[in-house]
$ cat query.cif   # mmCIF, C-alpha atoms
data_data
loop_
_atom_site.label_atom_id
_atom_site.label_comp_id
_atom_site.auth_asym_id
_atom_site.auth_seq_id
_atom_site.Cartn_x
_atom_site.Cartn_y
_atom_site.Cartn_z
CA MET A 1 30.93 19.99 -17.62
CA ASP A 2 29.50 22.43 -15.10
CA ARG A 3 31.84 22.79 -12.10
CA PHE A 4 28.99 22.55 -9.58
CA SER A 5 27.01 19.82 -11.30
CA GLU A 6 24.90 17.60 -9.06
CA TYR A 7 26.64 14.72 -10.84
CA ARG A 8 30.11 15.97 -9.86
CA ILE A 9 29.45 16.92 -6.24
CA MET A 10 29.91 13.85 -4.05
CA TRP A 11 28.75 12.54 -0.70
CA VAL A 12 31.06 10.20 1.20
CA LEU A 13 29.25 7.78 3.51
CA CYS A 14 31.30 5.99 6.14
CA PHE A 15 29.73 2.89 7.70
CA PHE A 16 31.53 1.21 10.56
CA ASP A 17 31.19 -1.62 13.01
CA LEU A 18 33.94 -1.43 15.61
CA PRO A 19 34.38 -3.64 18.67
CA THR A 20 33.65 -2.07 22.07
CA GLU A 21 34.24 -4.98 24.43
CA THR A 22 37.39 -3.70 26.15
CA LYS A 23 38.32 -0.27 27.45
CA ILE A 24 40.92 0.25 24.70
CA GLU A 25 38.39 -0.78 22.01
CA ARG A 26 35.86 1.72 23.39
CA GLN A 27 38.55 4.42 23.33
CA ARG A 28 39.47 3.58 19.73
CA HIS A 29 35.78 3.60 18.73
CA SER A 30 35.31 7.00 20.37
CA GLN A 31 38.49 8.40 18.80
CA PHE A 32 37.42 7.17 15.34
CA ARG A 33 34.10 9.02 15.67
CA LYS A 34 35.90 12.17 16.88
CA ASP A 35 38.31 11.97 13.94
CA LEU A 36 35.38 11.71 11.52
CA LEU A 37 33.79 14.80 13.08
CA LYS A 38 37.10 16.71 12.93
CA ASP A 39 37.30 15.84 9.22
CA GLY A 40 33.90 17.42 8.57
CA PHE A 41 31.67 14.36 8.71
CA SER A 42 28.23 14.53 10.30
CA ARG A 43 26.43 11.73 12.07
CA PHE A 44 23.65 10.33 9.90
CA GLN A 45 22.81 7.29 12.02
CA LEU A 46 24.46 5.51 14.92
CA SER A 47 27.40 4.12 12.92
CA ILE A 48 26.96 6.02 9.67
CA TYR A 49 28.64 9.37 9.04
CA VAL A 50 28.36 11.50 5.89
CA ARG A 51 30.37 14.30 4.33
CA HIS A 52 29.67 16.58 1.40
CA CYS A 53 32.57 16.94 -1.04
CA ALA A 54 32.88 19.36 -3.95
CA SER A 55 34.39 16.76 -6.30
CA VAL A 56 35.57 13.18 -6.68
CA GLU A 57 39.12 14.37 -6.06
CA ASN A 58 38.08 16.01 -2.79
CA ALA A 59 36.23 12.84 -1.75
CA GLU A 60 39.41 10.82 -2.35
CA VAL A 61 41.31 13.09 0.06
CA HIS A 62 38.79 12.39 2.82
CA ILE A 63 38.75 8.67 2.09
CA ALA A 64 42.54 8.62 2.48
CA ARG A 65 42.16 10.39 5.84
CA ILE A 66 39.65 7.79 7.03
CA LYS A 67 42.11 5.05 6.08
CA SER A 68 44.85 6.82 8.05
CA PHE A 69 42.93 6.86 11.35
CA MET A 70 41.05 3.55 11.11
CA PRO A 71 41.31 1.38 14.23
CA PRO A 72 43.15 -1.94 13.84
CA LYS A 73 40.01 -4.03 14.51
CA GLY A 74 36.47 -3.86 13.16
CA SER A 75 35.11 -3.02 9.74
CA VAL A 76 34.83 0.31 7.97
CA SER A 77 33.02 0.67 4.62
CA ILE A 78 33.03 3.77 2.46
CA LEU A 79 30.50 4.58 -0.24
CA CYS A 80 30.64 7.59 -2.56
CA ILE A 81 27.48 8.75 -4.29
CA THR A 82 26.66 11.83 -6.31
CA ASP A 83 24.67 14.73 -4.93
CA LYS A 84 21.90 13.77 -7.36
CA GLN A 85 21.73 10.25 -5.89
CA PHE A 86 21.89 11.50 -2.30
CA GLY A 87 19.06 13.91 -3.06
CA LYS A 88 16.79 10.95 -3.76
CA ILE A 89 17.21 9.47 -0.29
CA GLN A 90 14.01 8.74 1.57
CA VAL A 91 14.16 8.90 5.34
CA PHE A 92 11.28 7.60 7.42
CA TYR A 93 10.77 8.12 11.12
CA GLY A 94 8.60 5.85 13.19
CA LYS A 95 6.13 7.33 15.60
CA LYS A 96 7.47 8.12 19.02
CA GLU A 97 5.76 6.35 21.83
CA LYS A 98 3.81 8.79 23.91
CA PRO A 99 3.62 8.31 27.65
CA LEU A 100 0.19 7.54 28.99
CA PRO A 101 -1.59 10.67 30.16
CA LYS A 102 -1.68 11.18 33.90
CA PRO A 103 -5.10 10.56 35.39
CA ALA A 104 -7.02 13.73 36.01
CA LEU A 105 -7.27 14.91 39.58
CA GLN A 106 -10.65 14.05 40.91
CA LEU A 107 -12.46 16.75 42.78
CA GLU A 108 -13.63 15.66 46.21
CA LEU A 109 -16.66 17.46 47.56
CA PHE A 110 -16.97 15.75 50.92
#
$ encode --input "query.cif" --output "structure tokens"
Amino acid sequence: MDRFSEYRIMWVLCFFDLPTETKIERQRHSQFRKDLLKDGFSRFQLSIYVRHCASVENAEVHIARIKSFMPPKGSVSILCITDKQFGKIQVFYGKKEKPLPKPALQLELF
């Protein structure tokens, strides 16, 4: 098997829903996100972070790290997909609302 095969290279997706009702929960939520970033994850959406891994073995190392710094409350889900599968992702962006144009200044002659 080719060492850099798109079927061997993995993406680790971390989905989480953590409580933020108390000050300590907000701190734990923030620390969890910071730990993901320190471990090389990038924010994909609000509560979805992704990381590229060279192999399944490397992905398992990062999954173990996530487990080690998970907060005691909330849910964390991890999904591993191949680079080939991740390459087929379709991302759509809705149109941004544009502010109404300012009315033109009217020239007064008198």
$ residues_around --input "query.cif" --residues "Lys73 (chain A)" --least-positions-apart "3" --cutoff "10 Å" --atoms "all atoms listed in the file" --output "PyMOL selection string"
chain A and resi 17-19+25+28-29+70+76
$ residues_near_point --input "query.cif" --point "(25.6, 6.9, 10.2)" --cutoff "12 Å" --atoms "all atoms listed in the file" --output "list in words"
Val12, Leu13, Cys14, Phe15, Phe16, Asp17, Arg33, Leu36, Leu37, Phe41, Ser42, Arg43, Phe44, Gln45, Leu46, Ser47, Ile48, Tyr49, Val50, Arg51, Val76, Ser77, Ile78 and Leu79 of chain A
$ atom_distance --input "query.cif" --atom1 "CA of Ser5 (chain A)" --atom2 "CA of Val56 (chain A)"
11.8 Å
$ closest_residue --input "query.cif" --among "A:Cys53, A:Glu60, A:Ser75, A:Phe69" --to "Gln31 (chain A)" --atoms "all atoms listed in the file"
A:Phe69
$ resolve_selection --input "query.cif" --expression "the PyMOL selection byres ((chain A and resi 85-89) around 9)" --output "JSON, numbers by chain"
{"A": [6, 7, 10, 11, 81, 82, 83, 84, 90, 91]}
$ atom_distance --input "query.cif" --atom1 "CA of Gly40 (chain A)" --atom2 "CA of Cys80 (chain A)"
15.2 Å
$ atom_distance --input "query.cif" --atom1 "CA of Asp35 (chain A)" --atom2 "CA of Thr22 (chain A)"
19.9 Å
